[in-house]
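Q: Sharing a structure with you now.
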Amino acid sequence: MRIVIAGGHGQIALRLERLLAAGGHEVAGIIRRPEQGDDLRAAGAEPVVLDLETASVEMVAAVLQGADAAVFAAGAGPGSSVERKDTVDRAAAVLFADAAERAGVRRYLVVSSMGADATHAGDEVFDTYLRAKGAADDSVRARTALDWTILRPGSLTNDAGTGQIRLEAHTGRGMVPRDDVAAVLAELLDTPATAGLTLELISGSTPLSVAVKDVAGN
């Protein structure tokens with residue numbers, strides 16, 4: 001498959017690019033800064049320099065043309081402003097979905113966040129982030145032209161992945177290594193029967209491939 005990843009220099013995205021490239025897939029990662037390109041090439045991905053905060057739908061659709069799947073893994077990141085929670089975590093996600101529809105890319109994965117909710121209350125920056133992610137998820141879930149899956153990991157760690165997870169509609173709070181998040185995304189891309197699901201992910205006791213098959217109803 002050809003897979004295009006928004007937020008291609010993110011910690012989860014780089015891990016996913018390595019996995020997909022090792023699996024024989026053709027991977028492109030959208031980045032904002034040209035100097036990030038070497039990290040993507042080292043991971044086996046083709047860097048595409050494009051700022052999703054200023055790009056048009058047509059510009060993003062051109063990058064997605066001919067792709068088999070799209071993964072939205074971009075984020076404003078820790079320490080970013082309230083404004084960028086909206087322009088990246090919400091608006092860029094909606095733009096990427098619009099572009100996927102325009103390019104005819106049906107398979108669409110979203111890296112969201114546990115607790116994402118457009119109606120979440122609170123005045124802290126993290127509250128704004130959860131509202132932005134929730135609004136983006138709602139926009140994606142309303143689309144019939146996308147075979148979407150939304151993944152909501154718990155608290156992310158840089159521990160080595162274990163391959164043992166809990167993947168359900170509602171898992172409750174927990175932690176999960178970024179290694180395992182990337183591995184789950186790769187497995188979801190290979191499991192089209194997970195389309196239409198919003199899934200929470202934390203570490204657990206079920207082998208990763210088994211957990212994905214379970215939610216897919218296999």
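Ligands are numbered from 1 in the order shown, chains are lettered A, B, ... in the order of the structure tokens, and residues start at 1 in each chain.
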Quick one: residues within 6 Å of range 2-13 of chain A, only C-alpha atoms counted, chain neighbours fewer than 6 positions away excluded, as a list in words?
A: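 The contact residues come out as Glu26, Val27, Ala28, Gly29, Ile30, Ile31, Ala67, Asp68, Ala69, Ala70, Val71, Phe72, Ala73, Ala74, Arg178 and Ala182 of chain A.
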Q: Excluding Leu20 in chain A and residues on its chain fewer than 2 positions from it, collect all residues at most 10 Å away from it, counting only C-alpha atoms, and give them as number ranges by chain.
A: A: 1-3, 14-18, 22-27, 43-45, 182-183, 185-187, 189
Q: Select, from A:Ser155, A:Thr149, A:Pro177, A:Ala211, the residue with the minimum atom-to-atom distance to Leu199 in chain A, counting only C-alpha atoms.
A: A:Thr149
Q: With a distance cut-off of 12 Å and only C-alpha atoms, select the neighbouring residues of range 112-129 of chain A, excluding the residue or stretch itself and same-chain residues fewer than 5 positions from it, and output the selection as a PyMOL selection string.
A: chain A and resi 12+71-91+93+134-140+149-156+167-176+181+185+198-202
Q: Going by DSSP on the backbone, which residues of range 12-214 of chain A come out as helix (DSSP H, G or I)? List them as a PyMOL selection string.
A: chain A and resi 12-22+34-42+57-64+82-103+125-141+178-189+192-194+208-214
Q: Among range 58-214 of chain A, which residues carry a DSSP assignment of strand (DSSP E or B), reported as a PyMOL selection string?
A: chain A and resi 69-72+107-111+147-153+155-157+164-168+175-177+197-203+206-207
Q: Would you mind exporting the chosen residues as a tab-separated table (two decimals), in the first residue's frame, restricted to N, CA, C and O atoms?
A:
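Saved as part.tsv:
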chain	number	residue	atom	x	y	z
A	69	ALA	N	-4.20	4.72	1.78
A	69	ALA	CA	-4.64	5.03	3.14
A	69	ALA	C	-3.98	6.33	3.60
A	69	ALA	O	-2.91	6.70	3.11
A	70	ALA	N	-4.65	7.00	4.53
A	70	ALA	CA	-4.14	8.23	5.12
A	70	ALA	C	-4.21	8.09	6.63
A	70	ALA	O	-5.16	7.52	7.18
A	71	VAL	N	-3.18	8.60	7.30
A	71	VAL	CA	-3.13	8.55	8.77
A	71	VAL	C	-2.91	9.97	9.28
A	71	VAL	O	-1.90	10.61	8.93
A	72	PHE	N	-3.83	10.46	10.11
A	72	PHE	CA	-3.63	11.78	10.72
A	72	PHE	C	-2.98	11.57	12.08
A	72	PHE	O	-3.61	11.11	13.03
A	107	ARG	N	-9.55	4.79	3.14
A	107	ARG	CA	-9.08	4.31	4.45
A	107	ARG	C	-8.39	5.46	5.18
A	107	ARG	O	-7.43	6.05	4.69
A	108	TYR	N	-8.88	5.75	6.38
A	108	TYR	CA	-8.46	6.97	7.08
A	108	TYR	C	-8.35	6.66	8.57
A	108	TYR	O	-9.35	6.35	9.22
A	109	LEU	N	-7.14	6.76	9.09
A	109	LEU	CA	-6.90	6.52	10.52
A	109	LEU	C	-6.58	7.83	11.22
A	109	LEU	O	-5.88	8.69	10.67
A	110	VAL	N	-7.08	7.97	12.43
A	110	VAL	CA	-6.83	9.16	13.24
A	110	VAL	C	-6.18	8.75	14.55
A	110	VAL	O	-6.68	7.86	15.24
A	111	VAL	N	-5.06	9.39	14.88
A	111	VAL	CA	-4.49	9.25	16.21
A	111	VAL	C	-5.10	10.36	17.06
A	111	VAL	O	-4.75	11.52	16.93
A	147	ASP	N	-13.54	5.34	5.16
A	147	ASP	CA	-13.56	4.14	6.02
A	147	ASP	C	-12.62	4.44	7.19
A	147	ASP	O	-11.45	4.04	7.19
A	148	TRP	N	-13.16	5.15	8.17
A	148	TRP	CA	-12.32	5.69	9.23
A	148	TRP	C	-12.22	4.76	10.44
A	148	TRP	O	-13.14	4.00	10.74
A	149	THR	N	-11.10	4.85	11.11
A	149	THR	CA	-10.93	4.27	12.44
A	149	THR	C	-10.23	5.31	13.30
A	149	THR	O	-9.24	5.91	12.88
A	150	ILE	N	-10.77	5.55	14.49
A	150	ILE	CA	-10.19	6.54	15.40
A	150	ILE	C	-9.58	5.80	16.58
A	150	ILE	O	-10.25	5.01	17.25
A	151	LEU	N	-8.30	6.03	16.81
A	151	LEU	CA	-7.57	5.39	17.90
A	151	LEU	C	-7.27	6.41	18.98
A	151	LEU	O	-6.66	7.45	18.71
A	152	ARG	N	-7.68	6.12	20.20
A	152	ARG	CA	-7.50	7.02	21.34
A	152	ARG	C	-6.61	6.36	22.39
A	152	ARG	O	-7.09	5.68	23.29
A	153	PRO	N	-5.30	6.59	22.28
A	153	PRO	CA	-4.40	5.99	23.27
A	153	PRO	C	-4.51	6.67	24.63
A	153	PRO	O	-4.91	7.84	24.73
A	155	SER	N	-2.19	7.47	28.29
A	155	SER	CA	-0.98	8.27	28.51
A	155	SER	C	0.22	7.61	27.82
A	155	SER	O	0.51	6.43	28.06
A	156	LEU	N	0.91	8.37	26.98
A	156	LEU	CA	1.97	7.82	26.16
A	156	LEU	C	3.30	7.76	26.91
A	156	LEU	O	3.65	8.69	27.64
A	157	THR	N	4.04	6.68	26.71
A	157	THR	CA	5.38	6.55	27.31
A	157	THR	C	6.37	6.17	26.22
A	157	THR	O	6.00	5.72	25.13
A	164	GLN	N	1.56	-6.31	24.17
A	164	GLN	CA	0.43	-6.77	25.00
A	164	GLN	C	-0.43	-5.55	25.31
A	164	GLN	O	0.04	-4.62	25.99
A	165	ILE	N	-1.67	-5.55	24.85
A	165	ILE	CA	-2.49	-4.34	24.93
A	165	ILE	C	-3.92	-4.65	25.39
A	165	ILE	O	-4.32	-5.81	25.47
A	166	ARG	N	-4.64	-3.58	25.64
A	166	ARG	CA	-6.10	-3.64	25.80
A	166	ARG	C	-6.68	-2.65	24.80
A	166	ARG	O	-6.35	-1.46	24.85
A	167	LEU	N	-7.51	-3.11	23.90
A	167	LEU	CA	-8.06	-2.31	22.81
A	167	LEU	C	-9.57	-2.54	22.77
A	167	LEU	O	-10.03	-3.60	22.39
A	168	GLU	N	-10.29	-1.53	23.21
A	168	GLU	CA	-11.75	-1.65	23.31
A	168	GLU	C	-12.39	-0.28	23.09
A	168	GLU	O	-11.70	0.74	23.05
A	175	MET	N	-1.71	3.61	30.71
A	175	MET	CA	-0.55	4.05	29.95
A	175	MET	C	-0.30	3.08	28.81
A	175	MET	O	-0.75	1.93	28.84
A	176	VAL	N	0.43	3.57	27.81
A	176	VAL	CA	0.77	2.70	26.69
A	176	VAL	C	2.03	3.25	26.01
A	176	VAL	O	2.17	4.44	25.80
A	177	PRO	N	2.98	2.37	25.68
A	177	PRO	CA	4.18	2.83	24.97
A	177	PRO	C	3.85	3.28	23.54
A	177	PRO	O	2.99	2.68	22.88
A	197	LEU	N	-14.94	2.25	13.73
A	197	LEU	CA	-14.76	2.05	15.17
A	197	LEU	C	-13.94	3.19	15.79
A	197	LEU	O	-12.99	3.67	15.20
A	198	THR	N	-14.35	3.58	16.99
A	198	THR	CA	-13.55	4.48	17.83
A	198	THR	C	-13.04	3.64	18.99
A	198	THR	O	-13.83	3.07	19.75
A	199	LEU	N	-11.71	3.52	19.11
A	199	LEU	CA	-11.11	2.56	20.03
A	199	LEU	C	-10.17	3.24	21.01
A	199	LEU	O	-9.38	4.09	20.62
A	200	GLU	N	-10.25	2.83	22.26
A	200	GLU	CA	-9.29	3.27	23.26
A	200	GLU	C	-8.21	2.20	23.40
A	200	GLU	O	-8.48	1.00	23.24
A	201	LEU	N	-6.99	2.65	23.71
A	201	LEU	CA	-5.84	1.74	23.75
A	201	LEU	C	-4.98	2.01	24.98
A	201	LEU	O	-4.56	3.15	25.21
A	202	ILE	N	-4.74	0.97	25.77
A	202	ILE	CA	-3.79	1.03	26.87
A	202	ILE	C	-3.02	-0.30	26.89
A	202	ILE	O	-3.37	-1.24	26.17
A	203	SER	N	-2.00	-0.36	27.70
A	203	SER	CA	-1.29	-1.63	27.87
A	203	SER	C	-2.21	-2.63	28.54
A	203	SER	O	-3.09	-2.27	29.33
A	206	THR	N	-3.46	-8.77	26.24
A	206	THR	CA	-3.86	-9.45	25.01
A	206	THR	C	-2.83	-9.17	23.91
A	206	THR	O	-2.49	-8.00	23.69
A	207	PRO	N	-2.33	-10.19	23.23
A	207	PRO	CA	-1.42	-9.93	22.11
A	207	PRO	C	-2.04	-8.98	21.10
A	207	PRO	O	-3.23	-9.08	20.79
Q: Quick one: residues within 10 Å of Thr144 in chain A, only C-alpha atoms counted, chain neighbours fewer than 6 positions away excluded, as a VMD selection string?
A: chain A and resid 101 106 196
Q: Skipping near chain neighbours, those fewer than 5 positions away, what residues fall within 8 Å of Val60 in chain A using only C-alpha atoms, listed as a compact mmCIF listing (two decimals) with N, CA and C atoms, in the first residue's frame?
A:
# COMPACT_ATOMS: atom_id res chain seq x y z
N LEU A 50 4.97 20.37 3.71
CA LEU A 50 3.68 21.05 3.52
C LEU A 50 3.15 21.44 4.89
N LEU A 52 0.20 22.15 7.11
CA LEU A 52 -1.24 21.91 7.13
C LEU A 52 -2.03 23.07 7.75
N ALA A 55 -1.99 25.26 4.19
CA ALA A 55 -2.24 24.61 2.90
C ALA A 55 -3.72 24.61 2.55
N PHE A 96 -7.32 17.55 6.42
CA PHE A 96 -6.75 16.30 5.92
C PHE A 96 -7.86 15.33 5.51
N ALA A 99 -9.32 16.56 2.27
CA ALA A 99 -8.41 16.25 1.17
C ALA A 99 -8.46 14.77 0.81
Q: For CA of Asp179 in chain A and CA of Glu53 in chain A, quote the distance in Å rounded to one decimal.
A: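 Answer for the CA of Asp179 in chain A to CA of Glu53 in chain A separation: 27.3 Å.
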Q: Which residues are close to Thr191 in chain A, i.e. within 8 Å by only C-alpha atoms, leaving aside same-chain residues fewer than 4 positions away? Reply as a PyMOL selection string.
A: chain A and resi 187+212-213+216
Q: Now that the selection is made, can you save its residues with all heavy atoms as a CSV table (one decimal), in the first residue's frame?
A:
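As written to disk, selection-v4.csv reads:
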chain,number,residue,atom,x,y,z
A,187,GLU,N,-1.3,-2.5,12.3
A,187,GLU,CA,-2.3,-3.6,12.3
A,187,GLU,C,-3.7,-3.2,11.8
A,187,GLU,O,-4.3,-3.9,11.1
A,187,GLU,CB,-2.3,-4.2,13.7
A,187,GLU,CG,-3.0,-5.6,13.7
A,187,GLU,CD,-2.0,-6.7,13.3
A,187,GLU,OE1,-0.8,-6.5,13.3
A,187,GLU,OE2,-2.5,-7.8,12.9
A,212,VAL,N,-6.7,-6.7,17.9
A,212,VAL,CA,-7.2,-6.1,16.7
A,212,VAL,C,-8.2,-7.0,16.0
A,212,VAL,O,-9.3,-6.5,15.6
A,212,VAL,CB,-6.1,-5.6,15.7
A,212,VAL,CG1,-6.7,-5.1,14.4
A,212,VAL,CG2,-5.2,-4.6,16.4
A,213,LYS,N,-7.9,-8.3,15.9
A,213,LYS,CA,-8.9,-9.2,15.3
A,213,LYS,C,-10.2,-9.2,16.1
A,213,LYS,O,-11.3,-9.3,15.6
A,213,LYS,CB,-8.3,-10.6,15.2
A,213,LYS,CG,-7.2,-10.7,14.1
A,213,LYS,CD,-6.8,-12.2,14.0
A,213,LYS,CE,-5.8,-12.4,12.8
A,213,LYS,NZ,-4.5,-11.7,13.0
A,216,ALA,N,-12.3,-6.3,15.4
A,216,ALA,CA,-12.8,-6.4,14.0
A,216,ALA,C,-13.9,-7.4,13.9
A,216,ALA,O,-14.5,-7.5,12.8
A,216,ALA,CB,-11.6,-6.7,13.1
